[in-house]
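To be precise, the following lines are protein.txt, and they hold compact mmCIF, C-alpha atoms.
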```
# COMPACT_ATOMS: atom_id res chain seq x y z
CA GLY A 1 30.84 0.17 26.62
CA GLY A 2 27.37 1.63 26.07
CA THR A 3 24.08 1.92 27.87
CA SER A 4 21.43 -0.79 27.67
CA ILE A 5 18.20 0.16 25.88
CA GLY A 6 16.31 -2.83 27.29
CA THR A 7 12.60 -3.15 26.47
CA THR A 8 10.72 0.01 25.52
CA THR A 9 7.82 1.43 23.53
CA ASP A 10 10.07 4.32 22.43
CA ASP A 11 10.59 3.84 18.69
CA THR A 12 13.60 6.23 18.65
CA PRO A 13 15.43 5.12 21.80
CA ALA A 14 18.46 6.96 23.18
CA TYR A 15 21.82 5.20 23.33
CA THR A 16 24.97 6.48 25.06
CA PHE A 17 28.50 5.30 24.41
CA ASN A 18 32.02 6.62 25.11
CA SER A 19 34.65 7.48 22.51
CA ASN A 20 38.35 8.29 23.02
CA ASP A 21 38.38 10.56 19.95
CA ALA A 22 36.09 12.95 18.13
CA GLY A 23 35.04 11.84 14.67
CA THR A 24 32.26 10.39 12.56
CA ILE A 25 29.92 7.76 13.95
CA ASN A 26 29.31 4.61 11.91
CA PHE A 27 26.19 2.56 12.58
CA GLY A 28 25.70 -1.05 11.57
CA GLY A 29 22.97 -3.65 11.49
CA SER A 30 19.37 -2.48 11.87
CA CYS A 31 20.26 0.78 13.63
CA ALA A 32 20.99 4.26 12.30
CA SER A 33 20.79 7.82 13.58
CA SER A 34 20.69 11.33 12.20
CA THR A 35 23.46 12.15 14.70
CA THR A 36 26.79 11.26 13.11
CA ASP A 37 29.32 13.50 14.92
CA ALA A 38 31.14 12.02 17.91
CA VAL A 39 32.97 13.94 20.64
CA ASN A 40 35.76 12.80 22.90
CA GLY A 41 33.87 11.40 25.86
CA ALA A 42 30.21 10.47 26.27
CA ASN A 43 27.97 10.55 23.20
CA THR A 44 24.20 10.22 23.30
CA VAL A 45 22.30 9.54 20.09
CA ASN A 46 18.66 8.86 19.34
CA LEU A 47 18.28 5.96 16.95
CA ASN A 48 16.06 6.39 13.91
CA HIS A 49 12.57 4.86 13.95
CA LEU A 50 12.56 1.16 14.74
CA SER A 51 9.56 -1.08 14.13
CA PRO A 52 8.38 -3.35 16.97
CA GLY A 53 10.64 -6.35 17.40
CA ASN A 54 13.89 -7.63 18.90
CA TYR A 55 17.22 -6.13 17.82
CA SER A 56 20.52 -7.97 18.28
CA ASP A 57 22.59 -6.82 15.28
CA CYS A 58 23.19 -3.12 15.99
CA THR A 59 26.74 -1.82 16.17
CA VAL A 60 28.54 1.51 16.46
CA SER A 61 32.12 2.65 15.73
CA VAL A 62 33.92 5.97 15.19
CA ASN A 63 36.30 7.19 12.47
CA ASP A 64 38.69 9.89 13.70
CA ALA A 65 40.08 12.78 11.64
CA ALA A 66 43.13 10.72 10.63
CA GLY A 67 40.92 8.00 9.16
CA ASN A 68 41.43 5.52 11.99
CA THR A 69 38.45 3.37 12.95
CA SER A 70 37.74 2.42 16.53
CA ASN A 71 36.80 -1.02 17.70
CA THR A 72 33.19 -1.92 16.87
CA LEU A 73 30.83 -1.79 19.82
CA ALA A 74 27.82 -4.12 19.74
CA LEU A 75 24.65 -2.83 21.36
CA SER A 76 23.09 -5.21 23.84
CA THR A 77 20.02 -6.97 22.50
CA PHE A 78 16.94 -4.80 23.02
CA ALA A 79 13.23 -4.87 22.18
CA ILE A 80 10.77 -2.31 20.82
CA LEU A 81 7.16 -2.95 21.85
CA PRO A 82 4.10 -1.88 19.80
CA SER A 83 2.76 1.58 20.63
CA SER A 84 -0.83 2.22 21.69
CA GLU A 85 -0.92 5.54 19.78
CA ILE A 86 0.69 6.41 16.44
CA ARG A 87 0.38 9.53 14.32
CA VAL A 88 0.61 9.66 10.55
CA SER A 89 1.64 12.75 8.57
CA ASP A 90 1.99 13.05 4.82
CA ALA A 91 5.14 15.09 5.52
CA GLY A 92 6.76 12.07 7.17
CA PRO A 93 8.61 11.51 10.45
CA GLY A 94 9.34 14.60 12.50
CA SER A 95 6.22 16.43 11.35
CA CYS A 96 3.75 15.46 14.09
CA GLY A 97 4.23 18.49 16.30
CA ASP A 98 5.05 17.86 19.95
CA PHE A 99 3.82 14.25 19.83
CA ASN A 100 6.45 11.99 21.40
CA GLY A 101 5.28 8.67 19.98
CA PRO A 102 5.86 7.15 16.53
CA CYS A 103 5.29 9.61 13.67
CA LEU A 104 5.05 7.81 10.32
CA ALA A 105 4.26 8.63 6.70
CA SER A 106 2.49 5.33 5.90
CA ILE A 107 -0.98 4.44 7.19
CA GLN A 108 -0.35 0.73 6.53
CA GLN A 109 2.92 0.83 8.48
CA ALA A 110 1.05 2.48 11.34
CA ILE A 111 -1.57 -0.30 11.29
CA ASP A 112 1.13 -2.96 11.27
CA GLU A 113 3.07 -1.41 14.16
CA LEU A 114 0.14 -0.43 16.39
CA ALA A 115 -0.72 -2.37 19.53
CA VAL A 116 -4.04 -4.21 19.37
CA GLY A 117 -6.82 -1.85 20.46
CA GLY A 118 -4.70 1.25 19.89
CA THR A 119 -5.38 4.49 18.04
CA ILE A 120 -3.92 5.94 14.84
CA ASN A 121 -4.41 9.68 14.40
CA VAL A 122 -3.95 10.70 10.77
CA LEU A 123 -3.14 14.38 10.30
CA ALA A 124 -4.67 16.55 7.60
CA GLY A 125 -3.10 16.02 4.19
CA GLY A 126 -3.25 13.86 1.09
CA TYR A 127 -2.55 10.11 1.12
CA SER A 128 -2.49 8.19 -2.17
CA LEU A 129 -2.41 4.41 -1.97
CA ASP A 130 -0.60 1.82 -4.06
CA GLN A 131 -2.44 -1.03 -2.35
CA THR A 132 -5.47 -1.65 -0.16
CA LEU A 133 -5.05 -0.91 3.55
CA ALA A 134 -5.33 -4.23 5.43
CA VAL A 135 -6.99 -3.69 8.80
CA ASN A 136 -6.34 -6.97 10.59
CA LYS A 137 -6.49 -5.95 14.24
CA SER A 138 -8.88 -4.09 16.54
CA LEU A 139 -8.09 -0.38 16.37
CA THR A 140 -9.36 3.16 15.93
CA LEU A 141 -8.35 5.11 12.81
CA SER A 142 -9.13 8.77 13.30
CA GLY A 143 -8.81 11.70 10.90
CA PRO A 144 -9.23 15.39 11.74
CA GLY A 145 -12.93 15.38 10.80
CA THR A 146 -14.85 16.63 7.79
CA ALA A 147 -16.32 19.93 9.01
CA ASP A 148 -13.44 22.03 7.62
CA SER A 149 -12.81 21.42 3.92
CA ASN A 150 -9.34 22.96 4.31
CA ASN A 151 -8.35 20.52 7.06
CA LEU A 152 -9.13 17.07 5.65
CA ALA A 153 -7.19 13.84 5.71
CA THR A 154 -7.98 12.65 2.18
CA ILE A 155 -7.17 9.05 1.28
CA ASN A 156 -7.24 8.34 -2.48
CA GLY A 157 -7.47 4.66 -3.36
CA VAL A 158 -6.04 5.25 -6.87
CA CYS A 159 -8.04 2.30 -8.28
CA ASN A 160 -7.56 0.22 -5.10
CA ASN A 161 -10.14 -0.56 -2.43
CA ILE A 162 -9.17 1.67 0.50
CA PHE A 163 -9.93 -0.37 3.62
CA ASP A 164 -10.22 -4.16 3.86
CA ILE A 165 -11.39 -4.90 7.41
CA THR A 166 -10.95 -8.46 8.73
CA ALA A 167 -10.81 -7.82 12.50
CA ASN A 168 -13.45 -7.15 15.14
CA ASN A 169 -13.85 -3.79 16.91
CA VAL A 170 -12.57 -1.41 14.25
CA THR A 171 -13.57 2.27 14.09
CA ILE A 172 -12.89 4.51 11.09
CA SER A 173 -13.79 8.15 11.65
CA GLY A 174 -13.10 11.62 10.32
CA PHE A 175 -11.71 11.02 6.80
CA GLU A 176 -12.40 11.97 3.22
CA LEU A 177 -12.19 8.67 1.33
CA MET A 178 -12.26 8.65 -2.46
CA ASP A 179 -11.09 6.80 -5.57
CA GLU A 180 -9.94 8.86 -8.53
CA CYS A 181 -10.65 5.88 -10.83
CA ASN A 182 -14.30 5.54 -9.69
CA SER A 183 -13.83 1.77 -9.67
CA ALA A 184 -13.05 0.68 -6.12
CA THR A 185 -14.95 -0.32 -3.00
CA ILE A 186 -14.03 2.37 -0.50
CA ILE A 187 -14.59 0.34 2.69
CA GLN A 188 -14.93 -3.45 2.64
CA ILE A 189 -15.97 -5.21 5.85
CA GLN A 190 -15.26 -8.90 5.53
CA GLN A 191 -17.18 -11.87 6.90
CA GLY A 192 -16.88 -12.18 10.67
CA ALA A 193 -15.48 -8.66 11.22
CA ASP A 194 -17.99 -7.72 13.91
CA ASN A 195 -18.57 -4.43 15.74
CA THR A 196 -17.22 -2.14 13.02
CA THR A 197 -18.07 1.55 13.28
CA ILE A 198 -17.88 3.85 10.23
CA GLU A 199 -18.68 7.40 11.28
CA ASN A 200 -18.21 11.04 10.31
CA ASN A 201 -16.57 10.39 6.96
CA ILE A 202 -16.95 11.64 3.40
CA ILE A 203 -17.07 8.50 1.21
CA ARG A 204 -17.15 9.36 -2.47
CA ASP A 205 -16.35 8.52 -6.07
CA GLY A 206 -15.92 4.78 -5.72
CA ASP A 207 -17.89 1.95 -7.22
CA THR A 208 -19.35 1.04 -3.82
CA GLY A 209 -19.05 3.20 -0.72
CA VAL A 210 -19.36 0.60 2.06
CA TYR A 211 -19.63 -3.15 1.43
CA ILE A 212 -20.43 -5.61 4.25
CA ASN A 213 -19.74 -9.25 3.40
CA GLY A 214 -21.96 -11.77 5.16
CA TYR A 215 -22.10 -14.11 2.19
CA ASN A 216 -20.65 -17.25 3.81
CA GLY A 217 -21.37 -16.45 7.43
CA PRO A 218 -22.56 -13.69 9.75
CA THR A 219 -21.05 -10.23 10.05
CA GLU A 220 -22.66 -8.55 13.02
CA ASN A 221 -23.26 -5.18 14.64
CA THR A 222 -21.89 -2.76 12.07
CA VAL A 223 -22.65 0.92 12.75
CA ILE A 224 -22.66 3.37 9.81
CA GLU A 225 -23.55 6.86 10.99
CA ASN A 226 -23.11 10.54 10.20
CA ASN A 227 -21.36 9.96 6.88
CA GLN A 228 -21.67 11.74 3.53
CA ILE A 229 -21.73 8.94 0.93
CA ASN A 230 -21.77 10.49 -2.53
CA ASN A 231 -21.33 9.67 -6.19
CA ASN A 232 -20.44 5.99 -5.91
CA GLY A 233 -21.12 4.27 -9.22
CA SER A 234 -23.03 1.16 -8.07
CA TYR A 235 -24.03 1.32 -4.40
CA GLY A 236 -23.73 3.73 -1.53
CA ILE A 237 -23.99 0.89 1.01
CA TYR A 238 -24.17 -2.78 -0.04
CA LEU A 239 -24.99 -5.43 2.57
CA GLN A 240 -24.62 -8.98 1.26
CA GLY A 241 -25.85 -12.09 3.05
CA ASN A 242 -26.12 -12.39 6.81
CA VAL A 243 -25.25 -8.96 8.19
CA SER A 244 -27.33 -8.97 11.35
CA GLY A 245 -27.57 -6.10 13.77
CA THR A 246 -26.51 -3.39 11.31
CA SER A 247 -27.40 0.18 12.28
CA ILE A 248 -27.49 2.89 9.59
CA SER A 249 -28.28 6.37 10.85
CA ASN A 250 -27.94 10.06 9.97
CA ASN A 251 -26.12 9.51 6.69
CA SER A 252 -26.46 11.64 3.56
CA ILE A 253 -26.38 9.30 0.55
CA SER A 254 -26.56 10.40 -3.06
CA GLN A 255 -25.69 8.31 -6.10
CA SER A 256 -24.56 8.93 -9.63
CA SER A 257 -27.21 8.52 -12.30
CA SER A 258 -25.92 5.03 -13.15
CA GLY A 259 -25.98 3.78 -9.54
CA TRP A 260 -27.99 0.68 -8.59
CA GLY A 261 -29.08 2.09 -5.27
CA ALA A 262 -28.23 4.18 -2.26
CA ILE A 263 -28.60 1.14 0.03
CA TYR A 264 -28.95 -2.48 -1.09
CA SER A 265 -29.37 -5.38 1.32
CA ASP A 266 -29.94 -9.14 1.17
CA ASP A 267 -30.77 -9.09 4.89
CA PHE A 268 -33.50 -7.30 6.80
CA ASP A 269 -32.04 -7.26 10.34
CA LEU A 270 -31.28 -3.56 9.97
CA THR A 271 -32.06 -0.39 11.87
CA PHE A 272 -32.47 2.87 9.95
CA THR A 273 -32.81 6.31 11.51
CA SER A 274 -32.62 9.73 9.93
```
Would it be possible to restate this file's structure as structure tokens?
Amino acid sequence: GGTSIGTTTDDTPAYTFNSNDAGTINFGGSCASSTTDAVNGANTVNLNHLSPGNYSDCTVSVNDAAGNTSNTLALSTFAILPSSEIRVSDAGPGSCGDFNGPCLASIQQAIDELAVGGTINVLAGGYSLDQTLAVNKSLTLSGPGTADSNNLATINGVCNNIFDITANNVTISGFELMDECNSATIIQIQQGADNTTIENNIIRDGDTGVYINGYNGPTENTVIENNQINNNGSYGIYLQGNVSGTSISNNSISQSSSGWGAIYSDDFDLTFTS
């Protein structure tokens, strides 16, 4: 038999089983491990990253040196819960230092697997997107900051909008956000996504830097502060419709020569400070 993993937030849980022979470990179902050598006796392996969910199809067996295969051992059903903190590294899993939580290569995967209200820390590096990042839960997305040009987390939309925010209570801070095609909206805050904070970012080379959609209903209490918003083709910040309670402060905004405006708004319930 083997140990029971139970219910855990550990995305690489340990599993121990006994084998009567040394050999090569075979994994089946949703589970795998970088450990594939079995010894005669107790064997403990850490499973590879598992997304939140219930797992009932994992199996393990051993091939000995003569080519004989043991009986197949089914792991007891277990559950992985969402983590409240995830790190993202462009070098992939295993490259997040001494951090013991999930370490992923994909920002979207981190968003999907994060617990509501949790934090994603994105390490310095380059992240090119093949689709817009869908932010559909309350969370904090944090980069390393923008003070050191050699230590940036740079997200390149590659002709895609970078963030599409549809949830309340989202904070995006400490990134360089850009679009090499100069055609995308860098951050799009959709109708009803209240209490969004955009702070301490470099937002550049898109069509629009930050767009707040209040066209068919209110979007309230957005904070845009301490950002460098540069060289966006149409607008630095575009507020459409009912976007009440917006605060815009301490931003540096400069446009390309063809831009329509640094800030454009249909609504006048705004607070500006320099």
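Pairwise distance (CA of Phe17 in chain A, CA of Ala66 in chain A) equals 20.8 Å.
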What lies within 9 Å of range 212-226 of chain A using all atoms listed in the file, ignoring chain neighbours under 2 positions off, as a compact mmCIF listing (two decimals) with C-alpha atoms, keeping the file's coordinate frame?
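Once written, out_36.txt looks like this:
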```
# COMPACT_ATOMS: atom_id res chain seq x y z
CA ILE A 187 -14.59 0.34 2.69
CA GLN A 188 -14.93 -3.45 2.64
CA ILE A 189 -15.97 -5.21 5.85
CA GLN A 190 -15.26 -8.90 5.53
CA GLN A 191 -17.18 -11.87 6.90
CA GLY A 192 -16.88 -12.18 10.67
CA ALA A 193 -15.48 -8.66 11.22
CA ASP A 194 -17.99 -7.72 13.91
CA ASN A 195 -18.57 -4.43 15.74
CA THR A 196 -17.22 -2.14 13.02
CA THR A 197 -18.07 1.55 13.28
CA ILE A 198 -17.88 3.85 10.23
CA GLU A 199 -18.68 7.40 11.28
CA ASN A 200 -18.21 11.04 10.31
CA ASN A 201 -16.57 10.39 6.96
CA VAL A 210 -19.36 0.60 2.06
CA GLN A 228 -21.67 11.74 3.53
CA ILE A 237 -23.99 0.89 1.01
CA TYR A 238 -24.17 -2.78 -0.04
CA LEU A 239 -24.99 -5.43 2.57
CA GLN A 240 -24.62 -8.98 1.26
CA GLY A 241 -25.85 -12.09 3.05
CA ASN A 242 -26.12 -12.39 6.81
CA VAL A 243 -25.25 -8.96 8.19
CA SER A 244 -27.33 -8.97 11.35
CA GLY A 245 -27.57 -6.10 13.77
CA THR A 246 -26.51 -3.39 11.31
CA SER A 247 -27.40 0.18 12.28
CA ILE A 248 -27.49 2.89 9.59
CA SER A 249 -28.28 6.37 10.85
CA ASN A 250 -27.94 10.06 9.97
CA ASN A 251 -26.12 9.51 6.69
CA SER A 252 -26.46 11.64 3.56
```
Selection near range 26-40 of chain A, 10 Å with only C-alpha atoms, sequence-local residues under 2 positions removed, as a ChimeraX atom specification: /A:12,14,17-24,42-50,55-64,69-70,72-75
Could you jot down the CA of Ser83 in chain A to CA of Ala134 in chain A separation for me, Å, one decimal place?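 Taking CA of Ser83 in chain A as the start and CA of Ala134 in chain A as the end point, the length is 18.2 Å.
The space separating CA of Ile202 in chain A from CA of Thr185 in chain A comes to 13.7 Å.
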Under the rule that all atoms listed in the file are counted, which of A:Thr3, A:Thr8, A:Thr154, A:Ser142 is the nearest residue to Leu177 in chain A?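 With all atoms listed in the file as the atom set, the closest residue is A:Thr154.
Of the listed residues A:Asn182, A:Asn168, A:Thr132, A:Ser173, the one whose atoms come nearest to Pro144 in chain A is A:Ser173, with distances taken using all atoms listed in the file.
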Which one is closest to Gly97 in chain A: A:Ile172, A:Pro13, A:Leu123, A:Ser76? Count all atoms listed in the file.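 When distances to Gly97 in chain A are compared using all atoms listed in the file, the smallest one comes from A:Leu123.
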When distances are computed from all atoms listed in the file, which of A:Asn121, A:Asn161, A:Ser265, A:Ser89 shows the smallest separation from Gly145 in chain A?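 Looking at the shortest contact to Gly145 in chain A, the residue is A:Asn121.
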Given only C-alpha atoms as the counted atoms, nearest of A:Val88, A:Leu114, A:Ile80, A:Ile155 to Gly53 in chain A: A:Ile80
Of the residues A:Asn68, A:Gln131, A:Gln255, A:Gln109, which is the one nearest to Ile162 in chain A, using only C-alpha atoms?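 Comparing A:Asn68, A:Gln131, A:Gln255, A:Gln109 against Ile162 in chain A, the winner is A:Gln131.
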Range 126-129 of chain A surroundings by all atoms listed in the file, 9 Å radius, close-in-sequence under 6 positions cut, as a list in words: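 Result of the neighbour search: Ser89, Asp90, Ala105, Ser106, Ile107, Leu152, Ala153, Thr154, Ile155, Asn156, Gly157, Val158, Cys159, Asn160 and Ile162 of chain A.
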Please, what is the axis-aligned box for every listed atom of range 222-236 of chain A with 8 Å on each side, as centre and edge lengths in Å to one decimal, as lines of an AutoDock Vina configuration file?
```
center_x = -22.2
center_y = 4.5
center_z = 1.8
size_x = 19.6
size_y = 30.5
size_z = 38.0
```
